[in-house]
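Enquirer: Structure file model-v5.txt (compact mmCIF, N, CA and C atoms) right here:
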```txt
# COMPACT_ATOMS: atom_id res chain seq x y z
N MET A 1 0.81 -1.19 0.00
CA MET A 1 0.00 0.00 0.00
C MET A 1 0.85 1.26 0.00
N TRP A 2 2.00 1.22 0.59
CA TRP A 2 2.86 2.38 0.63
C TRP A 2 3.20 2.84 -0.78
N HIS A 3 3.47 1.90 -1.67
CA HIS A 3 3.87 2.21 -3.04
C HIS A 3 2.77 2.94 -3.79
N ARG A 4 1.54 2.53 -3.63
CA ARG A 4 0.43 3.14 -4.37
C ARG A 4 0.18 4.58 -3.92
N ARG A 5 0.39 4.88 -2.64
CA ARG A 5 0.16 6.23 -2.16
C ARG A 5 1.35 7.14 -2.44
N THR A 6 2.54 6.64 -2.39
CA THR A 6 3.74 7.45 -2.52
C THR A 6 4.11 7.71 -3.97
N PHE A 7 3.92 6.74 -4.84
CA PHE A 7 4.35 6.87 -6.23
C PHE A 7 3.74 8.09 -6.93
N PRO A 8 2.45 8.37 -6.80
CA PRO A 8 1.91 9.57 -7.46
C PRO A 8 2.54 10.86 -6.95
N ARG A 9 2.94 10.89 -5.70
CA ARG A 9 3.58 12.07 -5.16
C ARG A 9 5.00 12.25 -5.70
N LEU A 10 5.69 11.15 -5.93
CA LEU A 10 7.07 11.21 -6.38
C LEU A 10 7.17 11.39 -7.89
N MET A 11 6.13 11.09 -8.63
CA MET A 11 6.17 11.17 -10.09
C MET A 11 6.54 12.56 -10.59
N PRO A 12 5.88 13.65 -10.13
CA PRO A 12 6.26 14.98 -10.62
C PRO A 12 7.70 15.34 -10.25
N LEU A 13 8.14 14.94 -9.07
CA LEU A 13 9.50 15.20 -8.65
C LEU A 13 10.49 14.47 -9.54
N SER A 14 10.19 13.24 -9.88
CA SER A 14 11.06 12.45 -10.76
C SER A 14 11.14 13.08 -12.14
N LEU A 15 10.01 13.52 -12.66
CA LEU A 15 10.01 14.15 -13.98
C LEU A 15 10.81 15.44 -13.98
N LEU A 16 10.69 16.23 -12.91
CA LEU A 16 11.46 17.46 -12.80
C LEU A 16 12.95 17.16 -12.75
N LEU A 17 13.35 16.17 -11.98
CA LEU A 17 14.75 15.79 -11.87
C LEU A 17 15.29 15.33 -13.21
N ILE A 18 14.55 14.52 -13.94
CA ILE A 18 14.98 14.04 -15.26
C ILE A 18 15.12 15.21 -16.22
N THR A 19 14.18 16.15 -16.19
CA THR A 19 14.24 17.31 -17.06
C THR A 19 15.46 18.16 -16.76
N LEU A 20 15.73 18.40 -15.48
CA LEU A 20 16.89 19.20 -15.10
C LEU A 20 18.19 18.53 -15.50
N LEU A 21 18.28 17.23 -15.33
CA LEU A 21 19.49 16.51 -15.74
C LEU A 21 19.68 16.57 -17.25
N SER A 22 18.59 16.48 -18.00
CA SER A 22 18.68 16.57 -19.46
C SER A 22 19.16 17.94 -19.89
N LEU A 23 18.62 18.97 -19.26
CA LEU A 23 19.04 20.33 -19.60
C LEU A 23 20.50 20.56 -19.24
N ALA A 24 20.94 20.05 -18.12
CA ALA A 24 22.32 20.22 -17.70
C ALA A 24 23.28 19.55 -18.67
N SER A 25 22.93 18.37 -19.13
CA SER A 25 23.83 17.69 -20.06
C SER A 25 23.81 18.36 -21.42
N ALA A 26 22.69 18.95 -21.82
CA ALA A 26 22.59 19.63 -23.10
C ALA A 26 23.34 20.96 -23.08
N CYS A 27 23.47 21.57 -21.92
CA CYS A 27 24.11 22.89 -21.83
C CYS A 27 25.62 22.83 -21.75
N GLY A 28 26.21 21.71 -21.70
CA GLY A 28 27.67 21.69 -21.64
C GLY A 28 28.22 20.44 -21.02
N GLY A 29 27.39 19.51 -20.77
CA GLY A 29 27.88 18.29 -20.15
C GLY A 29 28.52 17.34 -21.14
N GLY A 30 28.29 17.52 -22.42
CA GLY A 30 28.80 16.59 -23.43
C GLY A 30 30.15 17.00 -23.96
N SER A 31 30.69 16.19 -24.85
CA SER A 31 31.98 16.50 -25.44
C SER A 31 31.77 17.17 -26.78
N GLY A 32 32.84 17.74 -27.31
CA GLY A 32 32.78 18.39 -28.61
C GLY A 32 32.26 19.80 -28.48
N GLY A 33 32.18 20.46 -29.62
CA GLY A 33 31.58 21.79 -29.64
C GLY A 33 32.45 22.86 -29.02
N GLY A 34 33.53 23.23 -29.66
CA GLY A 34 34.30 24.37 -29.17
C GLY A 34 35.46 23.97 -28.30
N GLY A 35 36.17 24.97 -27.88
CA GLY A 35 37.37 24.73 -27.08
C GLY A 35 37.07 24.61 -25.61
N GLU A 36 38.09 24.30 -24.89
CA GLU A 36 37.98 24.16 -23.44
C GLU A 36 37.82 25.53 -22.81
N THR A 37 36.99 25.62 -21.82
CA THR A 37 36.86 26.86 -21.05
C THR A 37 37.51 26.65 -19.70
N GLU A 38 38.10 27.71 -19.20
CA GLU A 38 38.76 27.62 -17.90
C GLU A 38 37.71 27.56 -16.80
N LYS A 39 37.86 26.61 -15.92
CA LYS A 39 36.90 26.45 -14.83
C LYS A 39 37.57 26.88 -13.54
N THR A 40 36.86 27.74 -12.80
CA THR A 40 37.37 28.18 -11.51
C THR A 40 36.45 27.64 -10.43
N PRO A 41 37.01 27.28 -9.30
CA PRO A 41 36.17 26.80 -8.21
C PRO A 41 35.22 27.90 -7.76
N PRO A 42 34.00 27.52 -7.38
CA PRO A 42 33.00 28.53 -6.99
C PRO A 42 33.45 29.42 -5.84
N SER A 43 34.23 28.88 -4.93
CA SER A 43 34.64 29.68 -3.78
C SER A 43 35.73 30.68 -4.12
N ALA A 44 36.39 30.51 -5.26
CA ALA A 44 37.49 31.40 -5.62
C ALA A 44 36.97 32.79 -6.01
N THR A 45 35.87 32.85 -6.71
CA THR A 45 35.32 34.14 -7.13
C THR A 45 33.82 34.16 -6.91
N PRO A 46 33.38 34.64 -5.75
CA PRO A 46 31.93 34.70 -5.53
C PRO A 46 31.30 35.70 -6.49
N TYR A 47 30.07 35.48 -6.84
CA TYR A 47 29.40 36.34 -7.79
C TYR A 47 28.77 37.56 -7.12
N TYR A 48 29.00 37.73 -5.84
CA TYR A 48 28.51 38.89 -5.13
C TYR A 48 29.55 39.33 -4.11
N ASP A 49 29.49 40.58 -3.71
CA ASP A 49 30.46 41.17 -2.80
C ASP A 49 29.95 41.03 -1.36
N GLU A 50 30.45 40.03 -0.65
CA GLU A 50 30.00 39.76 0.72
C GLU A 50 30.22 40.96 1.65
N LYS A 51 31.37 41.60 1.53
CA LYS A 51 31.67 42.74 2.42
C LYS A 51 30.68 43.87 2.21
N ALA A 52 30.33 44.15 0.97
CA ALA A 52 29.37 45.23 0.69
C ALA A 52 28.00 44.88 1.24
N ILE A 53 27.60 43.62 1.12
CA ILE A 53 26.30 43.19 1.64
C ILE A 53 26.28 43.31 3.16
N ILE A 54 27.36 42.90 3.81
CA ILE A 54 27.44 43.00 5.27
C ILE A 54 27.37 44.47 5.71
N GLU A 55 28.05 45.35 4.99
CA GLU A 55 28.02 46.77 5.33
C GLU A 55 26.62 47.34 5.18
N GLU A 56 25.91 46.96 4.12
CA GLU A 56 24.53 47.43 3.93
C GLU A 56 23.64 46.95 5.08
N ALA A 57 23.79 45.68 5.43
CA ALA A 57 22.99 45.12 6.52
C ALA A 57 23.38 45.74 7.86
N ARG A 58 24.66 46.11 8.01
CA ARG A 58 25.12 46.70 9.27
C ARG A 58 24.42 48.04 9.54
N THR A 59 24.11 48.77 8.48
CA THR A 59 23.38 50.03 8.64
C THR A 59 22.03 49.76 9.30
N ALA A 60 21.33 48.74 8.82
CA ALA A 60 20.04 48.36 9.43
C ALA A 60 20.25 47.87 10.85
N GLN A 61 21.29 47.10 11.07
CA GLN A 61 21.61 46.59 12.40
C GLN A 61 21.78 47.76 13.37
N ASN A 62 22.50 48.80 12.96
CA ASN A 62 22.71 49.98 13.81
C ASN A 62 21.40 50.73 14.06
N GLN A 63 20.55 50.81 13.05
CA GLN A 63 19.25 51.48 13.22
C GLN A 63 18.37 50.72 14.21
N ILE A 64 18.42 49.41 14.14
CA ILE A 64 17.63 48.56 15.04
C ILE A 64 18.12 48.75 16.48
N VAL A 65 19.43 48.75 16.66
CA VAL A 65 20.02 48.95 17.99
C VAL A 65 19.61 50.33 18.53
N SER A 66 19.66 51.35 17.70
CA SER A 66 19.26 52.70 18.13
C SER A 66 17.80 52.75 18.55
N ALA A 67 16.94 52.09 17.77
CA ALA A 67 15.51 52.05 18.11
C ALA A 67 15.28 51.33 19.43
N LEU A 68 16.04 50.27 19.68
CA LEU A 68 15.93 49.55 20.95
C LEU A 68 16.39 50.43 22.10
N GLU A 69 17.54 51.06 21.94
CA GLU A 69 18.10 51.89 23.01
C GLU A 69 17.17 53.04 23.37
N SER A 70 16.50 53.61 22.37
CA SER A 70 15.61 54.74 22.63
C SER A 70 14.22 54.30 23.10
N GLY A 71 13.90 53.01 22.91
CA GLY A 71 12.60 52.49 23.34
C GLY A 71 11.46 52.85 22.40
N GLU A 72 11.79 53.23 21.17
CA GLU A 72 10.77 53.61 20.20
C GLU A 72 10.23 52.37 19.49
N SER A 73 9.15 51.83 20.00
CA SER A 73 8.59 50.61 19.43
C SER A 73 8.06 50.82 18.02
N THR A 74 7.53 51.99 17.71
CA THR A 74 7.03 52.26 16.36
C THR A 74 8.18 52.25 15.37
N ALA A 75 9.30 52.88 15.73
CA ALA A 75 10.48 52.88 14.85
C ALA A 75 11.00 51.47 14.68
N LEU A 76 11.01 50.69 15.76
CA LEU A 76 11.50 49.32 15.69
C LEU A 76 10.60 48.47 14.79
N LEU A 77 9.30 48.62 14.92
CA LEU A 77 8.38 47.86 14.07
C LEU A 77 8.61 48.16 12.59
N GLY A 78 8.99 49.39 12.27
CA GLY A 78 9.28 49.74 10.88
C GLY A 78 10.56 49.11 10.36
N LEU A 79 11.40 48.62 11.28
CA LEU A 79 12.67 47.99 10.88
C LEU A 79 12.59 46.47 10.90
N LEU A 80 11.40 45.94 11.14
CA LEU A 80 11.21 44.49 11.16
C LEU A 80 10.65 44.02 9.83
N GLU A 81 11.06 42.82 9.45
CA GLU A 81 10.50 42.19 8.25
C GLU A 81 8.98 42.16 8.40
N GLN A 82 8.26 42.32 7.32
CA GLN A 82 6.81 42.48 7.37
C GLN A 82 6.13 41.38 8.19
N ASN A 83 6.47 40.12 7.96
CA ASN A 83 5.83 39.01 8.70
C ASN A 83 6.15 39.07 10.18
N VAL A 84 7.38 39.40 10.52
CA VAL A 84 7.77 39.49 11.93
C VAL A 84 7.05 40.67 12.58
N GLY A 85 6.97 41.80 11.86
CA GLY A 85 6.27 42.97 12.38
C GLY A 85 4.82 42.69 12.68
N ILE A 86 4.17 41.96 11.79
CA ILE A 86 2.76 41.60 12.00
C ILE A 86 2.61 40.74 13.24
N GLN A 87 3.52 39.79 13.43
CA GLN A 87 3.46 38.90 14.59
C GLN A 87 3.72 39.65 15.89
N MET A 88 4.60 40.64 15.85
CA MET A 88 5.00 41.33 17.09
C MET A 88 4.17 42.55 17.40
N GLU A 89 3.38 43.02 16.44
CA GLU A 89 2.58 44.22 16.67
C GLU A 89 1.62 43.98 17.84
N GLY A 90 1.62 44.88 18.78
CA GLY A 90 0.77 44.74 19.96
C GLY A 90 1.42 43.94 21.07
N GLU A 91 2.47 43.17 20.75
CA GLU A 91 3.16 42.36 21.75
C GLU A 91 4.53 42.91 22.09
N LEU A 92 4.97 43.91 21.37
CA LEU A 92 6.30 44.47 21.56
C LEU A 92 6.28 45.42 22.75
N ASP A 93 6.94 45.02 23.83
CA ASP A 93 6.96 45.82 25.05
C ASP A 93 8.40 46.24 25.34
N LEU A 94 8.69 47.52 25.11
CA LEU A 94 10.04 48.02 25.33
C LEU A 94 10.10 48.92 26.57
N THR A 95 9.22 48.68 27.53
CA THR A 95 9.18 49.52 28.73
C THR A 95 10.32 49.22 29.69
N SER A 96 10.88 48.03 29.63
CA SER A 96 11.97 47.67 30.54
C SER A 96 13.32 48.12 29.96
N PRO A 97 13.99 49.09 30.63
CA PRO A 97 15.29 49.53 30.14
C PRO A 97 16.33 48.41 30.13
N GLU A 98 16.24 47.49 31.10
CA GLU A 98 17.21 46.39 31.15
C GLU A 98 17.05 45.47 29.95
N LEU A 99 15.81 45.17 29.60
CA LEU A 99 15.54 44.33 28.43
C LEU A 99 16.05 45.00 27.17
N ARG A 100 15.75 46.29 27.01
CA ARG A 100 16.19 47.02 25.83
C ARG A 100 17.71 47.04 25.73
N GLU A 101 18.38 47.29 26.84
CA GLU A 101 19.84 47.34 26.85
C GLU A 101 20.44 45.99 26.50
N GLU A 102 19.89 44.93 27.06
CA GLU A 102 20.41 43.58 26.79
C GLU A 102 20.19 43.19 25.33
N LEU A 103 19.01 43.48 24.80
CA LEU A 103 18.74 43.19 23.39
C LEU A 103 19.63 44.02 22.48
N ALA A 104 19.78 45.30 22.80
CA ALA A 104 20.62 46.19 21.99
C ALA A 104 22.07 45.70 22.01
N ARG A 105 22.56 45.29 23.18
CA ARG A 105 23.92 44.77 23.28
C ARG A 105 24.08 43.52 22.43
N ALA A 106 23.13 42.60 22.55
CA ALA A 106 23.21 41.34 21.79
C ALA A 106 23.19 41.61 20.29
N LEU A 107 22.33 42.50 19.84
CA LEU A 107 22.25 42.79 18.40
C LEU A 107 23.49 43.53 17.91
N SER A 108 24.02 44.43 18.71
CA SER A 108 25.20 45.18 18.26
C SER A 108 26.45 44.30 18.21
N GLU A 109 26.50 43.26 19.05
CA GLU A 109 27.65 42.36 19.06
C GLU A 109 27.49 41.17 18.11
N ALA A 110 26.37 41.08 17.44
CA ALA A 110 26.11 39.95 16.54
C ALA A 110 27.13 39.91 15.41
N GLN A 111 27.53 38.70 15.06
CA GLN A 111 28.50 38.50 14.00
C GLN A 111 27.86 37.77 12.82
N PRO A 112 28.15 38.21 11.59
CA PRO A 112 27.59 37.52 10.43
C PRO A 112 28.21 36.13 10.29
N VAL A 113 27.36 35.14 10.01
CA VAL A 113 27.85 33.77 9.82
C VAL A 113 27.63 33.25 8.41
N LYS A 114 26.61 33.76 7.71
CA LYS A 114 26.36 33.40 6.33
C LYS A 114 25.86 34.64 5.60
N VAL A 115 26.34 34.82 4.38
CA VAL A 115 25.96 36.00 3.61
C VAL A 115 25.48 35.56 2.24
N TYR A 116 24.33 36.08 1.85
CA TYR A 116 23.76 35.84 0.54
C TYR A 116 23.30 37.19 -0.01
N PRO A 117 23.14 37.30 -1.31
CA PRO A 117 22.60 38.57 -1.83
C PRO A 117 21.23 38.85 -1.20
N GLY A 118 21.12 39.97 -0.52
CA GLY A 118 19.85 40.36 0.09
C GLY A 118 19.56 39.73 1.44
N MET A 119 20.52 38.99 2.03
CA MET A 119 20.25 38.36 3.32
C MET A 119 21.57 38.03 4.04
N VAL A 120 21.61 38.39 5.32
CA VAL A 120 22.77 38.08 6.15
C VAL A 120 22.27 37.39 7.42
N PHE A 121 22.84 36.22 7.72
CA PHE A 121 22.50 35.48 8.94
C PHE A 121 23.53 35.83 10.01
N TYR A 122 23.05 36.03 11.23
CA TYR A 122 23.90 36.42 12.35
C TYR A 122 23.74 35.45 13.51
N GLU A 123 24.76 35.48 14.39
CA GLU A 123 24.68 34.78 15.67
C GLU A 123 25.20 35.73 16.74
N THR A 124 24.58 35.64 17.90
CA THR A 124 25.00 36.43 19.05
C THR A 124 24.63 35.67 20.31
N THR A 125 25.00 36.22 21.44
CA THR A 125 24.65 35.63 22.72
C THR A 125 23.65 36.54 23.42
N TYR A 126 22.56 35.94 23.86
CA TYR A 126 21.54 36.69 24.59
C TYR A 126 21.07 35.82 25.75
N ALA A 127 21.13 36.36 26.94
CA ALA A 127 20.73 35.64 28.16
C ALA A 127 21.47 34.31 28.29
N GLY A 128 22.75 34.32 27.92
CA GLY A 128 23.58 33.13 28.05
C GLY A 128 23.38 32.07 26.98
N GLU A 129 22.55 32.34 26.00
CA GLU A 129 22.29 31.37 24.94
C GLU A 129 22.62 31.97 23.59
N THR A 130 22.94 31.09 22.64
CA THR A 130 23.22 31.55 21.28
C THR A 130 21.90 31.87 20.58
N LEU A 131 21.85 33.05 20.02
CA LEU A 131 20.67 33.52 19.32
C LEU A 131 21.04 33.72 17.85
N SER A 132 20.22 33.17 16.97
CA SER A 132 20.42 33.33 15.53
C SER A 132 19.29 34.17 14.96
N PHE A 133 19.63 35.02 14.02
CA PHE A 133 18.63 35.84 13.34
C PHE A 133 19.18 36.23 11.99
N TYR A 134 18.36 36.88 11.21
CA TYR A 134 18.84 37.37 9.92
C TYR A 134 18.34 38.78 9.67
N ILE A 135 19.06 39.46 8.80
CA ILE A 135 18.63 40.76 8.30
C ILE A 135 18.46 40.56 6.80
N ILE A 136 17.28 40.94 6.30
CA ILE A 136 16.92 40.67 4.91
C ILE A 136 16.54 41.96 4.20
N GLN A 137 16.82 41.99 2.93
CA GLN A 137 16.42 43.14 2.14
C GLN A 137 14.99 42.89 1.64
N GLU A 138 14.08 43.75 2.08
CA GLU A 138 12.67 43.62 1.74
C GLU A 138 12.23 44.89 1.02
N GLU A 139 11.90 44.74 -0.24
CA GLU A 139 11.49 45.87 -1.07
C GLU A 139 12.52 47.01 -1.03
N GLY A 140 13.79 46.64 -1.11
CA GLY A 140 14.86 47.62 -1.17
C GLY A 140 15.34 48.14 0.17
N THR A 141 14.73 47.72 1.28
CA THR A 141 15.11 48.17 2.61
C THR A 141 15.54 46.98 3.44
N TRP A 142 16.65 47.14 4.17
CA TRP A 142 17.12 46.06 5.05
C TRP A 142 16.31 46.05 6.33
N LYS A 143 15.85 44.85 6.71
CA LYS A 143 14.99 44.71 7.89
C LYS A 143 15.40 43.48 8.70
N LEU A 144 15.09 43.55 9.98
CA LEU A 144 15.36 42.43 10.90
C LEU A 144 14.28 41.37 10.72
N GLY A 145 14.71 40.14 10.67
CA GLY A 145 13.74 39.04 10.54
C GLY A 145 14.18 37.82 11.31
N GLY A 146 13.30 36.91 11.45
CA GLY A 146 13.51 35.57 11.97
C GLY A 146 14.47 35.35 13.10
N PHE A 147 14.00 35.42 14.33
CA PHE A 147 14.80 35.02 15.50
C PHE A 147 14.65 33.54 15.71
```
Would you mind writing the file out in structure tokens?
Expert:
Amino acid sequence: MWHRRTFPRLMPLSLLLITLLSLASACGGGSGGGGETEKTPPSATPYYDEKAIIEEARTAQNQIVSALESGESTALLGLLEQNVGIQMEGELDLTSPELREELARALSEAQPVKVYPGMVFYETTYAGETLSFYIIQEEGTWKLGGF
């Protein structure tokens, strides 16, 4: 019975995989047709500037820290990714100066661990635990997302 229920689900995936493999072999996987091209390892020349992306995200990181330090919840909500902002609206309580200071410290000390075009993943320590989050470019503006 497992086979009858699972096979229809796997069929579209199998067809997609076969199509992608066919396209890959047609695009340069075969022999012949022109001279050799020089191949460089992907890590040798990234197609995006990681340092520039980190610097752009750092501007948002600093704005978020400033909003926390000042206790301006409206400003902070404007710096959150849309989905996160919707979830936190009405629940964001920045009345405790100790909480704001600790969050601001953790966010300002956060270090980038993965960088992609339009998204930087960070890690920091908050309340003795490792906290992971990301800053994402949303409609041209860098915003805090996903804790």
Enquirer: Just give me the gap between CA of Leu80 (chain A) and CA of Gly145 (chain A) in Å, one decimal is fine.
Expert: 6.0 Å
Enquirer: Tell me which protein, DNA and RNA residues are within 6.5 Å of Ala110 (chain A), counting only N, CA and C atoms, leaving out same-chain ones fewer than 5 positions away, and put them as an MDAnalysis selection string.
Expert: chainID A and resid 105 122:125
Enquirer: Could you check the closest approach to Leu107 (chain A) for each of A:Ala75, A:Lys143, A:Glu56, A:Leu131 and tell me which residue wins, using only C-alpha atoms?
Expert: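 Distance minimum relative to Leu107 (chain A) lands on A:Leu131.
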Enquirer: Counting all atoms listed in the file, which residue out of A:Thr141, A:Tyr126, A:Leu103, A:Lys114 sits closest to Leu68 (chain A)?
Expert: A:Leu103
Enquirer: Using all atoms listed in the file, which residue out of A:Ala127, A:Leu94, A:Leu79, A:Val115 lies closest to Ala60 (chain A)?
Expert: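 Of all the options, A:Leu79 lies closest to Ala60 (chain A).
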Enquirer: Quick one, how far is CA of Leu99 (chain A) from CA of Glu55 (chain A)?
Expert: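 Between these atoms lies a distance of 26.4 Å.
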Enquirer: Using atom C of Leu144 (chain A) and CA of Leu77 (chain A) as the two end points, give the distance in Å to one decimal.
Expert: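 Interatomic distance here is 9.4 Å.
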Enquirer: Rank A:Val120, A:Leu76, A:Gly140, A:Ser132 by their smallest atom-to-atom distance to Ile53 (chain A), using all atoms listed in the file, and report the top residue only.
Expert: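 Going through A:Val120, A:Leu76, A:Gly140, A:Ser132 one by one, the smallest distance to Ile53 (chain A) is for A:Val120.
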Enquirer: Using only C-alpha atoms, which of the listed residues (A:Val113, A:Val84, A:Met119, A:Ala57) sits closest to Ile136 (chain A)?
Expert: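 Distance minimum relative to Ile136 (chain A) lands on A:Met119.
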Enquirer: Please put the answer as JSON: centre and edge lengths, in Å with one decimal, of a box along x, y and z that encloses all listed atoms of region 134-145 of chain A plus 3 Å on each side.
Expert:
```
{"center_x": 15.3, "center_y": 42.5, "center_z": 5.1, "size_x": 13.6, "size_y": 17.3, "size_z": 18.5}
```
Enquirer: Using only C-alpha atoms, find the one residue out of A:Ser70, A:Thr95, A:Asn83, A:Gln61 that sits nearest to Ser108 (chain A).
Expert: A:Gln61
Enquirer: Going by DSSP on the backbone, which bits of region 42-146 of chain A are alpha helix (DSSP H)? Write them as a VMD selection string, please.
Expert: chain A and resid 50 to 70 73 to 78 82 to 88 97 to 108
